[in-house]
Amino acid sequence: MKGVAILTEARSGSEWLGSLANSTGILGQSAEWLDTDNLGFKPKSFDELLAAVIDRGGTANGRFAVKLFPRHLHWSQAKYGVDFLAECIRRHRMGLILLERRDRLRQAISYCRAKASGQWRSTMTSADEPQYDFAGICQAYFLIGQSYAFWEAYLRMTDLPYDHFFYEDLLDDPRAYVASVARQLSVEMPEGEFETDLRLQRDTRTEEWVERFHDDARSKDLLAHLPETVAPRNLGNLARFLLKKQMRISQA
């Protein structure tokens with residue numbers, strides 16, 4: 001099998017870009033397949049997990065795609081004692097794409113809004129109107145930065161080749177991203193336009209929150225809006241934050 005892994009973090013534009021590649025029907029079907037809600041069941045072993053990821057993320061031409069956040073690797077290691085990405089690379093011919101977003105403030109705001117409303121995609125609807133949350137945005141901002149630092153360190157330590165993209169550079173023309181997926185999967189670049197039913201979720205409220213955050217950041221103590229005892233910035237707490245669980249505080 002030949003696969004591609006998209007290494008990123010939530011609200012980086014990966015859902016939109018993935019939908020463009022997925023629409024071709026020959027570049028795998030990227031999604032967060034290490035979330036068991038997406039898989040539809042809880043694998044009892046790592047082999048069962050990997051087989052399910054390849055099945056769900058695969059296309060008829062023998063290619064598969066998977067989107068990975070740092071918490072996914074932490075979960076796989078904790079659950080099965082296996083680094084999912086390393087084992088994927090050992091068993092299959094894998095290409096890697098690192099996708100980042102330069103504007104981490106708007107990424108953090110997008111995460112907080114989606115977390116509060118439950119509207120993670122533009123095709124979803126929600127009756128809940130998210131309320132501005134300075135502390136939540138602060139925490140998301142710090143932890144998103146930690147997540148990107150994790151991928152940078154992981155890729156440097158493993159010395160793995162990868163293509164690197166920033167979401168903002170792809171807004172006007174995402175073809176470079178699709179071309180990278182095609183090249184790494186040894187599939188000819190599809191012609192024509194790529195279809196998606198997703199749209200940008202950034203709106204005037206996002207910009208209002210940006211301005212309000214800048215005002216608060218100048219007038220308030222940032223550290224006062226983090227936990228009283230700052231939780232260790234480790235992968236476990238990153239996973240707990242993104243899974244909407246209380247972060248663990250180390251005891252002296």
# chains A, B, ... in the order shown; residues from 1 in each chain; ligands from 1

$ closest_atom_pairs --of "stretch 127-190 of chain A" --to "stretch 74-98 of chain A" --cutoff "9 Å" --atoms "only C-alpha atoms" --output "tab-separated table"
residue	atom	partner	partner_atom	distance
A:Trp151	CA	A:Leu98	CA	7.9
A:Glu152	CA	A:Leu98	CA	8.8
A:Leu160	CA	A:Leu96	CA	8.3
A:Pro161	CA	A:Leu96	CA	7.1
A:Tyr162	CA	A:Leu96	CA	4.7
A:Asp163	CA	A:Ile97	CA	4.8
A:His164	CA	A:Leu98	CA	4.8
A:Phe165	CA	A:Leu98	CA	6.3
A:Phe166	CA	A:Leu98	CA	8.5
A:Tyr177	CA	A:Ile97	CA	8.8
A:Ser180	CA	A:Ile97	CA	8.0
A:Val181	CA	A:Gly95	CA	7.9
A:Arg183	CA	A:Gly95	CA	8.8
A:Gln184	CA	A:Gly95	CA	5.2
A:Leu185	CA	A:Gly95	CA	7.0

$ select_by_dssp --residues "stretch 72-228 of chain A" --states "strand (DSSP E)" --output "mmCIF file with C-alpha atoms, in the first residue's frame"
data_model
loop_
_atom_site.group_PDB
_atom_site.id
_atom_site.type_symbol
_atom_site.label_atom_id
_atom_site.label_comp_id
_atom_site.auth_asym_id
_atom_site.auth_seq_id
_atom_site.Cartn_x
_atom_site.Cartn_y
_atom_site.Cartn_z
ATOM 1 C CA ARG A 93 5.425 3.504 1.568
ATOM 2 C CA MET A 94 4.353 6.758 3.191
ATOM 3 C CA GLY A 95 4.545 10.366 2.098
ATOM 4 C CA LEU A 96 4.306 13.154 4.663
ATOM 5 C CA ILE A 97 2.821 16.641 4.528
ATOM 6 C CA LEU A 98 3.273 19.156 7.343
ATOM 7 C CA LEU A 99 0.447 21.697 7.282
ATOM 8 C CA GLU A 100 0.614 24.781 9.481
ATOM 9 C CA ASP A 163 6.420 18.653 2.091
ATOM 10 C CA HIS A 164 5.659 21.777 4.113
ATOM 11 C CA PHE A 165 2.685 24.059 3.482
ATOM 12 C CA PHE A 166 1.081 27.028 5.180
#

$ closest_residue --among "A:Asn22, A:Ile144, A:Cys138, A:Ala224" --to "A:Val178" --atoms "only C-alpha atoms"
A:Asn22

$ select_by_dssp --residues "stretch 3-230 of chain A" --states "alpha helix (DSSP H)" --output "PDB file with C-alpha atoms, in the first residue's frame"
ATOM      1  CA  SER A  14      -6.851  20.634   6.761  1.00  0.00           C
ATOM      2  CA  GLU A  15     -10.544  19.773   6.451  1.00  0.00           C
ATOM      3  CA  TRP A  16     -10.973  22.059   3.426  1.00  0.00           C
ATOM      4  CA  LEU A  17      -7.740  20.985   1.727  1.00  0.00           C
ATOM      5  CA  GLY A  18      -8.442  17.342   2.459  1.00  0.00           C
ATOM      6  CA  SER A  19     -11.890  17.620   0.906  1.00  0.00           C
ATOM      7  CA  LEU A  20     -10.320  18.884  -2.339  1.00  0.00           C
ATOM      8  CA  ALA A  21      -7.945  15.932  -2.571  1.00  0.00           C
ATOM      9  CA  ASN A  22     -10.656  13.507  -1.473  1.00  0.00           C
ATOM     10  CA  THR A  36     -12.662   6.092  17.015  1.00  0.00           C
ATOM     11  CA  ASP A  37     -15.843   8.114  16.474  1.00  0.00           C
ATOM     12  CA  ASN A  38     -14.771   8.517  12.845  1.00  0.00           C
ATOM     13  CA  LEU A  39     -13.830   4.852  12.552  1.00  0.00           C
ATOM     14  CA  PHE A  46      -2.942  -1.986  16.648  1.00  0.00           C
ATOM     15  CA  ASP A  47      -3.170  -4.254  13.610  1.00  0.00           C
ATOM     16  CA  GLU A  48      -6.953  -3.895  13.661  1.00  0.00           C
ATOM     17  CA  LEU A  49      -6.573  -0.121  13.932  1.00  0.00           C
ATOM     18  CA  LEU A  50      -4.158   0.122  11.010  1.00  0.00           C
ATOM     19  CA  ALA A  51      -6.309  -2.137   8.851  1.00  0.00           C
ATOM     20  CA  ALA A  52      -9.347   0.045   9.581  1.00  0.00           C
ATOM     21  CA  VAL A  53      -7.448   3.270   8.801  1.00  0.00           C
ATOM     22  CA  ILE A  54      -6.324   1.859   5.448  1.00  0.00           C
ATOM     23  CA  ASP A  55      -9.843   0.656   4.690  1.00  0.00           C
ATOM     24  CA  ARG A  56     -11.604   3.909   5.644  1.00  0.00           C
ATOM     25  CA  PRO A  70      -0.050  15.052  17.956  1.00  0.00           C
ATOM     26  CA  ARG A  71      -2.745  13.723  20.287  1.00  0.00           C
ATOM     27  CA  HIS A  72      -3.387  10.863  17.851  1.00  0.00           C
ATOM     28  CA  LEU A  73       0.183   9.607  18.237  1.00  0.00           C
ATOM     29  CA  HIS A  74      -0.078   9.976  22.001  1.00  0.00           C
ATOM     30  CA  TRP A  75      -3.320   7.996  22.023  1.00  0.00           C
ATOM     31  CA  SER A  76      -1.892   5.195  19.859  1.00  0.00           C
ATOM     32  CA  GLN A  77       1.203   4.960  22.044  1.00  0.00           C
ATOM     33  CA  ALA A  78      -0.862   4.889  25.237  1.00  0.00           C
ATOM     34  CA  LYS A  79      -3.463   2.453  23.888  1.00  0.00           C
ATOM     35  CA  TYR A  80      -1.326  -0.003  21.915  1.00  0.00           C
ATOM     36  CA  PHE A  84       1.264   4.925  14.714  1.00  0.00           C
ATOM     37  CA  LEU A  85       3.213   7.022  12.229  1.00  0.00           C
ATOM     38  CA  ALA A  86       6.512   5.177  12.676  1.00  0.00           C
ATOM     39  CA  GLU A  87       4.792   1.813  12.254  1.00  0.00           C
ATOM     40  CA  CYS A  88       2.893   3.053   9.191  1.00  0.00           C
ATOM     41  CA  ILE A  89       6.183   4.090   7.618  1.00  0.00           C
ATOM     42  CA  ARG A  90       7.767   0.737   8.514  1.00  0.00           C
ATOM     43  CA  ARG A  91       4.982  -1.266   6.887  1.00  0.00           C
ATOM     44  CA  ARG A 104      -2.286  31.199  15.277  1.00  0.00           C
ATOM     45  CA  LEU A 105      -4.539  33.712  16.969  1.00  0.00           C
ATOM     46  CA  ARG A 106      -7.312  33.189  14.430  1.00  0.00           C
ATOM     47  CA  GLN A 107      -6.642  29.459  14.603  1.00  0.00           C
ATOM     48  CA  ALA A 108      -7.082  29.563  18.382  1.00  0.00           C
ATOM     49  CA  ILE A 109     -10.253  31.620  18.033  1.00  0.00           C
ATOM     50  CA  SER A 110     -11.592  29.207  15.433  1.00  0.00           C
ATOM     51  CA  TYR A 111     -10.894  26.301  17.771  1.00  0.00           C
ATOM     52  CA  CYS A 112     -12.618  27.968  20.725  1.00  0.00           C
ATOM     53  CA  ARG A 113     -15.668  28.847  18.640  1.00  0.00           C
ATOM     54  CA  ALA A 114     -15.968  25.333  17.216  1.00  0.00           C
ATOM     55  CA  LYS A 115     -15.471  23.750  20.635  1.00  0.00           C
ATOM     56  CA  ALA A 116     -18.202  25.931  22.159  1.00  0.00           C
ATOM     57  CA  SER A 117     -20.732  25.536  19.334  1.00  0.00           C
ATOM     58  CA  PHE A 134     -10.223  35.124  26.685  1.00  0.00           C
ATOM     59  CA  ALA A 135      -8.791  32.362  28.875  1.00  0.00           C
ATOM     60  CA  GLY A 136      -9.843  29.680  26.405  1.00  0.00           C
ATOM     61  CA  ILE A 137      -8.206  31.492  23.510  1.00  0.00           C
ATOM     62  CA  CYS A 138      -5.009  31.944  25.546  1.00  0.00           C
ATOM     63  CA  GLN A 139      -4.833  28.238  26.335  1.00  0.00           C
ATOM     64  CA  ALA A 140      -5.582  27.234  22.757  1.00  0.00           C
ATOM     65  CA  TYR A 141      -2.924  29.613  21.446  1.00  0.00           C
ATOM     66  CA  PHE A 142      -0.220  28.222  23.733  1.00  0.00           C
ATOM     67  CA  LEU A 143      -1.129  24.610  23.008  1.00  0.00           C
ATOM     68  CA  ILE A 144      -1.409  25.052  19.234  1.00  0.00           C
ATOM     69  CA  GLY A 145       2.129  26.418  19.293  1.00  0.00           C
ATOM     70  CA  GLN A 146       3.227  23.405  21.292  1.00  0.00           C
ATOM     71  CA  SER A 147       1.577  21.102  18.785  1.00  0.00           C
ATOM     72  CA  TYR A 148       3.475  22.586  15.842  1.00  0.00           C
ATOM     73  CA  ALA A 149       6.683  22.418  17.890  1.00  0.00           C
ATOM     74  CA  PHE A 150       6.004  18.723  18.427  1.00  0.00           C
ATOM     75  CA  TRP A 151       5.773  18.027  14.698  1.00  0.00           C
ATOM     76  CA  GLU A 152       8.918  20.030  13.983  1.00  0.00           C
ATOM     77  CA  ALA A 153      10.859  18.127  16.647  1.00  0.00           C
ATOM     78  CA  TYR A 154       9.441  14.751  15.574  1.00  0.00           C
ATOM     79  CA  LEU A 155      10.378  15.288  11.930  1.00  0.00           C
ATOM     80  CA  ARG A 156      13.857  16.557  12.785  1.00  0.00           C
ATOM     81  CA  MET A 157      14.629  13.695  15.138  1.00  0.00           C
ATOM     82  CA  THR A 158      13.407  11.062  12.698  1.00  0.00           C
ATOM     83  CA  TYR A 167      -2.683  27.352   4.968  1.00  0.00           C
ATOM     84  CA  GLU A 168      -2.561  31.048   4.084  1.00  0.00           C
ATOM     85  CA  ASP A 169      -0.410  30.364   0.997  1.00  0.00           C
ATOM     86  CA  LEU A 170      -3.023  27.952  -0.369  1.00  0.00           C
ATOM     87  CA  ARG A 175      -3.459  23.047  -6.330  1.00  0.00           C
ATOM     88  CA  ALA A 176       0.066  22.838  -4.904  1.00  0.00           C
ATOM     89  CA  TYR A 177      -1.295  20.891  -1.936  1.00  0.00           C
ATOM     90  CA  VAL A 178      -3.247  18.466  -4.141  1.00  0.00           C
ATOM     91  CA  ALA A 179      -0.198  18.079  -6.403  1.00  0.00           C
ATOM     92  CA  SER A 180       1.917  17.140  -3.383  1.00  0.00           C
ATOM     93  CA  VAL A 181      -0.573  14.469  -2.330  1.00  0.00           C
ATOM     94  CA  ALA A 182      -0.647  13.103  -5.895  1.00  0.00           C
ATOM     95  CA  ARG A 183       3.141  13.043  -6.208  1.00  0.00           C
ATOM     96  CA  GLN A 184       3.668  11.299  -2.890  1.00  0.00           C
ATOM     97  CA  THR A 204     -17.056  39.347  11.220  1.00  0.00           C
ATOM     98  CA  ARG A 205     -17.348  37.767  14.668  1.00  0.00           C
ATOM     99  CA  THR A 206     -13.859  36.317  14.231  1.00  0.00           C
ATOM    100  CA  GLU A 207     -12.497  39.811  13.587  1.00  0.00           C
ATOM    101  CA  GLU A 208     -14.423  41.189  16.569  1.00  0.00           C
ATOM    102  CA  TRP A 209     -12.849  38.549  18.786  1.00  0.00           C
ATOM    103  CA  VAL A 210      -9.387  39.347  17.365  1.00  0.00           C
ATOM    104  CA  GLU A 211      -9.751  42.999  18.311  1.00  0.00           C
ATOM    105  CA  ARG A 212     -11.181  42.158  21.710  1.00  0.00           C
ATOM    106  CA  PHE A 213      -8.348  39.715  22.376  1.00  0.00           C
ATOM    107  CA  HIS A 214      -5.698  42.285  21.462  1.00  0.00           C
ATOM    108  CA  ASP A 215      -7.310  44.769  23.876  1.00  0.00           C
ATOM    109  CA  ASP A 216      -7.478  42.174  26.651  1.00  0.00           C
ATOM    110  CA  ALA A 217      -3.913  40.982  26.036  1.00  0.00           C
ATOM    111  CA  ARG A 218      -2.657  44.545  26.521  1.00  0.00           C
ATOM    112  CA  SER A 219      -4.719  45.221  29.624  1.00  0.00           C
TER     113      SER A 219
END

$ closest_residue --among "A:Glu32, A:Asp173, A:Arg11, A:Phe64" --to "A:Arg102" --atoms "only C-alpha atoms"
A:Arg11
